[in-house]
2 protein chains.
Amino acid sequence: MNAQAAGQVPEGYDPHAFEPFAVTVDLAVFTIREDRLHVLLVRRGQDPYKDCWALPGGFLLPRESADDAARRELAEETGLSDATVAHLHLEQLRTYSDPDRDPRMRVVSVAYTALGPDLPEPHGGGDAAHAQWLPYGTQGPLAFDHDTILADAHERVGAKLEYSCLATAFCPPEFTLGELRQVYETVWGVPLDRPNFRRKVLATPGFVRAVEGPPRLTGGRGKPAALYRAGDATALHPPLLRPEGRETTA
Amino acid sequence: MNAQAAGQVPEGYDPHAFEPFAVTVDLAVFTIREDRLHVLLVRRGQDPYKDCWALPGGFLLPRESADDAARRELAEETGLSDATVAHLHLEQLRTYSDPDRDPRMRVVSVAYTALGPDLPEPHGGGDAAHAQWLPYGTQGPLAFDHDTILADAHERVGAKLEYSCLATAFCPPEFTLGELRQVYETVWGVPLDRPNFRRKVLATPGFVRAVEGPPRLTGGRGKPAALYRAGDATALHPPLLRPEGRETTA
DNA sequence: GCAAAAGTGTTTCTATTACACCCATGA
DNA sequence: TCATGGGTGTAATAGAAACACTTTTGC
């Protein structure tokens with residue numbers, strides 16, 4: 001049957017007569033804290049998977065797109081201001097629809113990946129109370145199929161760093177090239193050659209643009225570094241491919 | 001609210017009490033016929049969008065994943081044998097969930113991209129009766145948001161040719177390097193340098209493997225070409241980037 | 001012979017890699 | 001002054017691009 005193609009719902013169809021599908025969003029939210037990749041997880045209080053960690057997420061409202069639902073949930077779970085959340089990078093990952101992925105009922109989940117600069121500890125009322133940043137890789141088995149979703153999200157982020165300017169989404173508005181390089185090193189788990197990385201980034205038009213004037217800033221010790229902001233470009237041509245065969249499984 | 005995170009559905013929830021979401025799959029099926037990219041479309045017989053072309057697709061069955069639904073619909077719409085359909089490349093594109101994308105009711109659609117070698121004209125009973133191959137770009141405005149879905153699918157296929165071995169999915173089991181090159185040229189709408197393309201493909205381990213023995217085959221006139229089969233590799237390292245700035249908007 | 005497509009060779013150029021080296025700062 | 005990270009220079013290599021040229025077929 002094809003209701004859209006045939007221009008009608010199946011014979012005798014009534015929206016309330018069928019076993020309905022619930023539609024949710026799940027969020028894989030990444031940030032970098034203290035040179036480690038972290039993921040936002042919530043502790044489950046009830047069965048199934050009581051006391052397990054899970055990805056934050058929730059149901060779509062009746063008149064809400066999945067994109068809107070993802071951003072709303074992101075705000076609710078992190079306790080961040082709407083203005084801050086509005087600036088986070090949010091991107092659809094894929095949809096998980098195995099009929100048995102939730103033992104309670106049929107739930108189709110649209111998964112999203114979100115990236116942000118070193119975000120604060122989640123606080124405030126509501127869902128954020130059970131939310132916490134965990135270093136990626138230390139989270140143990142998650143509820144439902146969230147291990148799969150999280151692994152897919154991580155792989156996607158790693159791949160997108162190669163051919164997009166996504167890395168700046170992990171950085172604050174102004175950042176040094178060293179910080180940008182650490183984003184790549186942290187997500188990929190590989191050390192990169194500093195001089196070559198610098199040239200590559202600066203040679204890509206629109207990846208970053210230098211902040212005006214002589215102001216400089218240091219990240220502790222060492223020579224103060226120049227500051228940059230994210231540029232207009234979204235694609236990276238040619239790509240910045242991750243070195244193969246030296247992954248250190250960070 | 002976050003029913004998964006909270007371990008329960010919202011207060012007083014009953015699966016039949018809410019306005020339910022319908023979940024469908026939509027298919028952007030591409031093939032190459034006579035050196036042109038074609039897409040499989042169905043003619044709508046009823047309102048809304050009566051007499052418009054639309055992407056094939058349909059509802060998920062109660063105990064069916066989106067992947068399974070996509071492959072089932074693909075078989076139904078093309079009228080191809082299950083064995084043939086089982087070999088077609090099928091890949092999730094993304095999910096479209098705008099609340100107003102279908103004027104009749106709330107429909108969340110998981111879109112898929114399918115690729116195959118020169119597929120026959122759809123025939124047989126059922127939905128296939130209204131299905132037809134149309135050259136990509138000549139389809140005019142489609143029903144619902146299917147123009148967006150189709151454009152996204154085309155862009156995705158073009159991008160994946162760069163860094164994956166996907167092009168062989170457009171080819172029959174045995175093919176010449178000329179046919180493989182025409183896949184790239186057809187999808188990208190750019191002519192490629194024959195010698196360089198050949199070297200690139202043969203230099204990528206596992207992209208193609210030569211068919212044994214001296215057998216050769218001609219595609220009409222010109223020197224007979226060696227035959228190849230798809231190899232084991234799925235990724236293309238380094239990628240085969242499409243030339244920029246010379247797109248001929250095929 | 002001629003057109004058309006396969007296949008080989010070669011040269012040029014660009015991009016990446018792997019370094020060595022100097023600079024500016026905090027401790 | 002030493003450790004640390006920023007920034008510049010450079011030679012070697014790999015890959016891409018552009019193009020000439022030969023081969024083998026159909027007509």
# chains A, B, ... in the order shown; residues from 1 in each chain; ligands from 1

call {"tool": "interface_residues", "arguments": {"of": "chain A", "to": "chain C", "cutoff": "12 Å", "atoms": "only C-alpha atoms (C1' of nucleotides)", "output": "short mmCIF file (atom, residue, chain, number, x, y, z; two decimals) with C-alpha atoms, in the first residue's frame"}}
result
data_model
loop_
_atom_site.label_atom_id
_atom_site.label_comp_id
_atom_site.auth_asym_id
_atom_site.auth_seq_id
_atom_site.Cartn_x
_atom_site.Cartn_y
_atom_site.Cartn_z
CA LEU A 192 48.61 16.16 13.96
CA ASP A 193 51.65 18.05 12.73
CA ARG A 194 51.27 21.61 14.01
CA PRO A 195 52.90 23.53 11.17
CA ASN A 196 51.11 21.57 8.48
CA PHE A 197 47.77 21.89 10.19
CA ARG A 199 49.05 26.00 6.76
CA LYS A 200 46.16 23.79 5.71
CA ALA A 203 45.09 28.02 2.99
CA ARG A 216 46.64 38.07 21.43
CA LEU A 217 45.96 35.60 24.13
CA THR A 218 47.71 32.74 25.74
CA GLY A 219 46.34 29.42 26.83
CA GLY A 220 48.73 29.18 29.77
CA ARG A 221 52.40 29.02 28.93
CA GLY A 222 54.13 29.34 25.60
CA LYS A 223 54.02 32.10 23.03
CA PRO A 224 50.71 33.96 22.87
CA ALA A 225 48.66 32.84 19.89
CA HIS A 237 38.26 21.68 -0.43
CA PRO A 238 40.45 19.75 -0.63
CA PRO A 239 39.57 17.76 2.49
CA LEU A 240 41.73 17.35 5.55
CA LEU A 241 41.94 13.57 5.70
CA PRO A 243 45.90 9.90 8.87
#

call {"tool": "residues_around", "arguments": {"residues": "Thr176 in chain B", "least_positions_apart": "2", "cutoff": "7 Å", "atoms": "only C-alpha atoms (C1' of nucleotides)", "output": "ChimeraX atom specification"}}
result
/B:178-180,225-228

call {"tool": "residues_around", "arguments": {"residues": "range 156-165 of chain B", "least_positions_apart": "3", "cutoff": "10 Å", "atoms": "only C-alpha atoms (C1' of nucleotides)", "output": "JSON, numbers by chain"}}
result
{"B": [30, 93, 113, 114, 115, 150, 151, 152, 153, 168, 169, 183, 184, 186, 187, 188, 189, 201, 204, 206, 207, 208, 230, 231, 232, 233, 234, 235, 236, 237, 238, 239, 240, 241, 242]}

call {"tool": "closest_residue", "arguments": {"among": "D:DC27, D:DC2, D:DA12, D:DA20", "to": "chain A", "atoms": "only C-alpha atoms (C1' of nucleotides)"}}
result
D:DC2

call {"tool": "closest_residue", "arguments": {"among": "B:Phe21, B:Asp100, B:Leu166, B:Ala143", "to": "Phe59 in chain A", "atoms": "only C-alpha atoms"}}
result
B:Phe21

call {"tool": "interface_residues", "arguments": {"of": "chain D", "to": "chain B", "cutoff": "12 Å", "atoms": "only C-alpha atoms (C1' of nucleotides)", "output": "list in words"}}
result
DA14, DG15, DA16, DA17, DA18, DC19, DA20, DT22, DT23, DT24, DT25, DG26 and DC27 of chain D

call {"tool": "select_by_dssp", "arguments": {"residues": "range 37-250 of chain A", "states": "alpha helix (DSSP H)", "output": "VMD selection string"}}
result
chain A and resid 66 to 78 82 to 87 146 to 163 177 to 188 194 to 203

call {"tool": "atom_distance", "arguments": {"atom1": "CA of Val39 in chain B", "atom2": "CA of Glu91 in chain B"}}
result
15.4 Å

call {"tool": "select_by_dssp", "arguments": {"residues": "range 84-190 of chain B", "states": "strand (DSSP E)", "output": "list in words"}}
result
His89, Leu90, Glu91, Gln92, Leu93, Arg94, Thr95, Tyr96, Val107, Val108, Ser109, Val110, Ala111, Tyr112, Thr113, Ala114, Leu115, Gly116, Ala131, Gln132, Trp133, Leu134 and Pro135 of chain B

call {"tool": "atom_distance", "arguments": {"atom1": "CA of Glu212 in chain B", "atom2": "CA of Leu80 in chain B"}}
result
29.7 Å

call {"tool": "atom_distance", "arguments": {"atom1": "CA of Gly137 in chain A", "atom2": "CA of Leu27 in chain A"}}
result
16.6 Å
